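Colleague: After the structure tokens below, expect a handful of questions from me.
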Amino acid sequence: MNEIIKQKLALLPDQPGCYLMKDRQGTIIYVGKAKVLKNRVRSYFTGSHDGKTLRLVNEIENFEYIVTSSNIEALILELNLIKKHDPKYNIMLKDDKTYPFIKLTAERHPKLIITRKVKKDKGKYFGPYPNVQAANETKKLLDRIYPLRKCSTLPDRVCLYYHLGQCLAPCVKEIPEQQYKDMIEEISRFLNGGYKEIKKELTEKMLSAAESLDFERAKEYRDKISHIEITMEKQKMNSTDFIDRDVFGYAVDKGWMCVQVFFVRQGKLIERDVSMFPVYDEAEEEMLTFLGQFYTKAEHFKPKEILIPDKVDHSLAEQLLDVKVLQPQRGQKKDLVELANKNAKIALNEKFSLIERDDDRTIKAVENLGNMLGIYTPHRIEAFDNSNIQGTDPVSALVVFQDGKANKREYRKYKIKSVTGPDDYETMREVVRRRYSRVLKESLPLPDLIIIDGGKGHVETVRDVLENELGLDLPLAGLVKDEKHSTSQLLYGNPLEIIPLARNSQEFYLLQRIQDEVHRFAITFHRQIRGKTAFHSLLDDIPGIGEKRKKALLKSFGSVKKMKEATLEQFLEIGIPSNTAEELLKKLQE
């Protein structure tokens, strides 16, 4: 514990509020809340901790705090700070998917569509459906039962859907507004739980068709009934009402927390969501934070009712979510919460060994690498590689690994501007200068370790740029490949030395993953650039061939290879002037 932290701990107030933990670069790595700031923040720096919390504490170099008037204010502030700063040690809900809705459009001739965006457009939305297949099957079923229009713009004649009996053909017929109102009312009734009545009507029609020996029609009704049973009734659990509710349960073990959310729609348990993450606070406090974050995501809409376990603060949860929150004590709702808790515990037990193994492969590998190099744990590693073919179209690439895992949002591509010919050292010099000039100018986070895909010459070139041009003293290493183009040696130090690495160690595998990834990223970028310039050199340098003629050539021949096999007459046939066609043939033969 450094002197700054010691002094700040002595001044902490005994009031509720939020605290922001920072690393040695001033980056906020964790945001927490506390009923009593003095007690909570001090607890990080006293006593023993599990591995996850210890890792967080080892990175803390400073902290700030904000006092609030109440615990609920602290909770809301914590959510806002997490959303703003995105600290790496906080709960991360990384799933970007959005759940679909079934929508009835508010048009003169309404449509039934699947959408993932809810707009204020007077349309009717039903859902969300965490089970995407169920939403699609339900729409297909409704399309067969109710003949609403399917096209985006009205055509000038009837389409196949009209002949199948699945469209009223508003393109050629005048449809009474009341007919649409009746259909919309029935669809709304269906999607709001009244599908049993419709199923009963279809059953009667099926039996009537069978009695009339109209077996084709009877089969059609039977298929519709089957779709209803699959999409609306084949559920994991039923309730006696049709209220939409979310059911939360959780389990905690060895510094990790698993939260299970059951989505109950129209009285049916249709899907669940599982989240697993390390915890640094009391389980009940973490659960409140999770609840607040869960409904800030666009795909998670608040239902009419939310069920939570007993230990979570009910009044805080209700104030935070502004929706009816229950902690059931008996009956089916209580069973649902217990089932969610049970599933959370099972998932935690099953996946815990996999998570620990992943830690060995990533975070512990990073820690071991830092120990071997004698530096701080390199939580952020940036790696560079160049790519060119005999100096043509030179490019370079940067990849970033955060705690042993690729952070693709931070990847960068560089077109080389100042180097001509195959000069790997000058290429590396330009890219490193551009990268860290910008890092300094924009106060971006500096890496804990820079890795260069290359040998001693590459590393010394980069060191010269960092130290003599930019005034930076950053840990710098080189990765050397063997004759099979595989990771062979790690160079580090000043002067450079070979760092012995066991070939079966996790730190060696980590370096191998980094080197393979930066090489892949650089090669992919170079191929993209080369593909564009190669095509440009063949056609765009020929006088008389502009964009229109280039498109005409591609449309007619399909590829440069087929152009090479073409005759002068074939070029003339598509409108290429004779002198231009002759020049094109000459270039193609070259």
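Note on naming: chains are A, B, ... as they come in the structure tokens, residues start from 1 per chain, ligands start from 1 in the order shown.
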Can you list, as a VMD selection string, all residues belonging to segment 378-496 of chain A that DSSP tags as strand (DSSP E or B)?
Modeller: chain A and resid 380 to 389 392 to 402 405 to 406 412 to 415 449 to 453 476 to 481 487 to 492
Colleague: I'd like a table as JSON lines: residues in segment 339-426 of chain A with an atom no more than 8 Å from segment 456-476 of chain A, each row giving the shortest atom pair and its distance in Å to one decimal, only C-alpha atoms counted, sorted by chain and rising residue number.
Modeller:
```
{"residue": "A:Ile375", "atom": "CA", "partner": "A:Pro475", "partner_atom": "CA", "distance": 7.6}
{"residue": "A:Asp424", "atom": "CA", "partner": "A:His458", "partner_atom": "CA", "distance": 7.8}
{"residue": "A:Tyr425", "atom": "CA", "partner": "A:His458", "partner_atom": "CA", "distance": 5.8}
```
Colleague: Can you write out the residues you just picked, keeping N, CA, C and O atoms, as a PDB file, in the first residue's frame?
Modeller:
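Written out: selection.pdb:
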```pdb
ATOM      1  N   ILE A 375       9.097  -7.114 -14.733  1.00  0.00           N
ATOM      2  CA  ILE A 375       8.313  -5.888 -14.909  1.00  0.00           C
ATOM      3  C   ILE A 375       6.970  -6.051 -14.205  1.00  0.00           C
ATOM      4  O   ILE A 375       6.618  -7.138 -13.746  1.00  0.00           O
ATOM      5  N   ASP A 424      12.065  -2.872 -43.791  1.00  0.00           N
ATOM      6  CA  ASP A 424      11.280  -3.251 -42.621  1.00  0.00           C
ATOM      7  C   ASP A 424      11.555  -2.347 -41.427  1.00  0.00           C
ATOM      8  O   ASP A 424      10.644  -2.016 -40.657  1.00  0.00           O
ATOM      9  N   TYR A 425      12.801  -1.945 -41.250  1.00  0.00           N
ATOM     10  CA  TYR A 425      13.159  -1.125 -40.086  1.00  0.00           C
ATOM     11  C   TYR A 425      12.499   0.252 -40.149  1.00  0.00           C
ATOM     12  O   TYR A 425      11.925   0.729 -39.165  1.00  0.00           O
TER      13      TYR A 425
END
```
Colleague: Give the answer as one residue: which of A:Ile184, A:Val279, A:Met257, A:Leu77 has the shortest atom-to-atom distance to Tyr89 of chain A, using only C-alpha atoms?
Modeller: A:Val279
Colleague: Considering only alpha helix (DSSP H) as DSSP defines it on the backbone, what residues of segment 127-225 of chain A qualify? List them as a VMD selection string.
Modeller: chain A and resid 132 to 145 160 to 163 177 to 189 195 to 211 215 to 225
Colleague: Could you tell me how far atom CA of Lys122 of chain A lies from atom CA of Ala106 of chain A, in Å and to one decimal?
Modeller: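 For atom CA of Lys122 of chain A relative to atom CA of Ala106 of chain A, the distance reads 5.8 Å.
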Colleague: What's the separation between atom CA of Ser188 of chain A and atom CA of Leu160 of chain A, in Å to one decimal place?
Modeller: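 That distance, rounded to one decimal, is 25.8 Å.
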Colleague: Out of A:Lys587, A:Arg330, A:Lys342, A:Lys205, which residue has the shortest atom-to-atom distance to Tyr250 of chain A when counting only C-alpha atoms?
Modeller: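 Answer, going by the shortest atom-to-atom distance: A:Lys342.
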Colleague: Just how far from atom CA of Phe294 of chain A is atom CA of Leu191 of chain A, in Å to one decimal?
Modeller: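 Separation between atom CA of Leu191 of chain A and atom CA of Phe294 of chain A: 25.3 Å.
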Colleague: Show which residues sit within 12 Å of Gly123 of chain A, as an mmCIF file with C-alpha atoms, in the first residue's frame. Count only C-alpha atoms, and ignore same-chain residues fewer than 2 positions away.
Modeller:
```cif
data_model
loop_
_atom_site.group_PDB
_atom_site.id
_atom_site.type_symbol
_atom_site.label_atom_id
_atom_site.label_comp_id
_atom_site.auth_asym_id
_atom_site.auth_seq_id
_atom_site.Cartn_x
_atom_site.Cartn_y
_atom_site.Cartn_z
ATOM 1 C CA PHE A 101 -40.679 -8.316 -31.337
ATOM 2 C CA ILE A 102 -43.675 -9.129 -33.486
ATOM 3 C CA LYS A 103 -45.085 -5.863 -34.817
ATOM 4 C CA LEU A 104 -48.397 -4.862 -36.397
ATOM 5 C CA THR A 105 -47.692 -1.756 -38.457
ATOM 6 C CA ALA A 106 -49.994 1.285 -38.218
ATOM 7 C CA GLU A 107 -50.594 1.648 -41.965
ATOM 8 C CA ARG A 108 -53.730 1.830 -44.105
ATOM 9 C CA PRO A 110 -51.125 -3.139 -42.063
ATOM 10 C CA LYS A 111 -48.342 -5.727 -42.136
ATOM 11 C CA LEU A 112 -47.066 -8.245 -39.612
ATOM 12 C CA ILE A 113 -43.278 -8.100 -39.276
ATOM 13 C CA THR A 115 -38.329 -6.270 -35.706
ATOM 14 C CA LYS A 117 -36.227 -2.005 -32.703
ATOM 15 C CA VAL A 118 -39.168 -0.457 -30.870
ATOM 16 C CA LYS A 119 -40.183 2.957 -32.215
ATOM 17 C CA LYS A 120 -42.906 5.435 -31.320
ATOM 18 C CA ASP A 121 -44.760 4.953 -34.612
ATOM 19 C CA TYR A 125 -45.464 -4.473 -30.496
ATOM 20 C CA PHE A 126 -45.660 -7.925 -28.909
ATOM 21 C CA ILE A 184 -55.796 -6.784 -35.821
ATOM 22 C CA SER A 188 -53.672 -8.981 -30.652
#
```
Colleague: What lies within 6 Å of segment 441-448 of chain A using only C-alpha atoms, ignoring chain neighbours under 6 positions off, as a list in words?
Modeller: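 Residues near the query, excluding close chain neighbours: Pro378, Arg380 and Ile381 of chain A.
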Colleague: Please provide as a list in words all residues within 12 Å of segment 573-577 of chain A, with the sequence filter that same-chain residues fewer than 4 positions apart are discarded (counting only C-alpha atoms).
Modeller: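 The filter keeps Ile542, Pro543, Gly544, Ile545, Gly546, Lys548, Arg549, Lys550, Lys551, Ala552, Leu553, Leu554, Lys555, Ser556, Phe557, Ala566, Thr567, Leu568, Glu569, Ala581, Glu582, Glu583, Leu584 and Leu585 of chain A.
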Colleague: Pick from A:Gln327, A:Gln166, A:Thr580, A:Asn368: nearest to Glu507 of chain A, with only C-alpha atoms counted?
Modeller: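 Looking at the shortest contact to Glu507 of chain A, the residue is A:Asn368.
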Colleague: Would you pick out the contacts of Asn58 of chain A at 12 Å or less, using only C-alpha atoms, so that residues sharing its chain but fewer than 5 positions from it are not included, and give the list as a list in words?
Modeller: Met1, Asn2, Met21, Lys22, Asp23, Arg24, Ile29, Tyr44, Phe45, His49, Gly51, Lys52, Thr53, Glu367, Tyr376, Thr377 and His379 of chain A
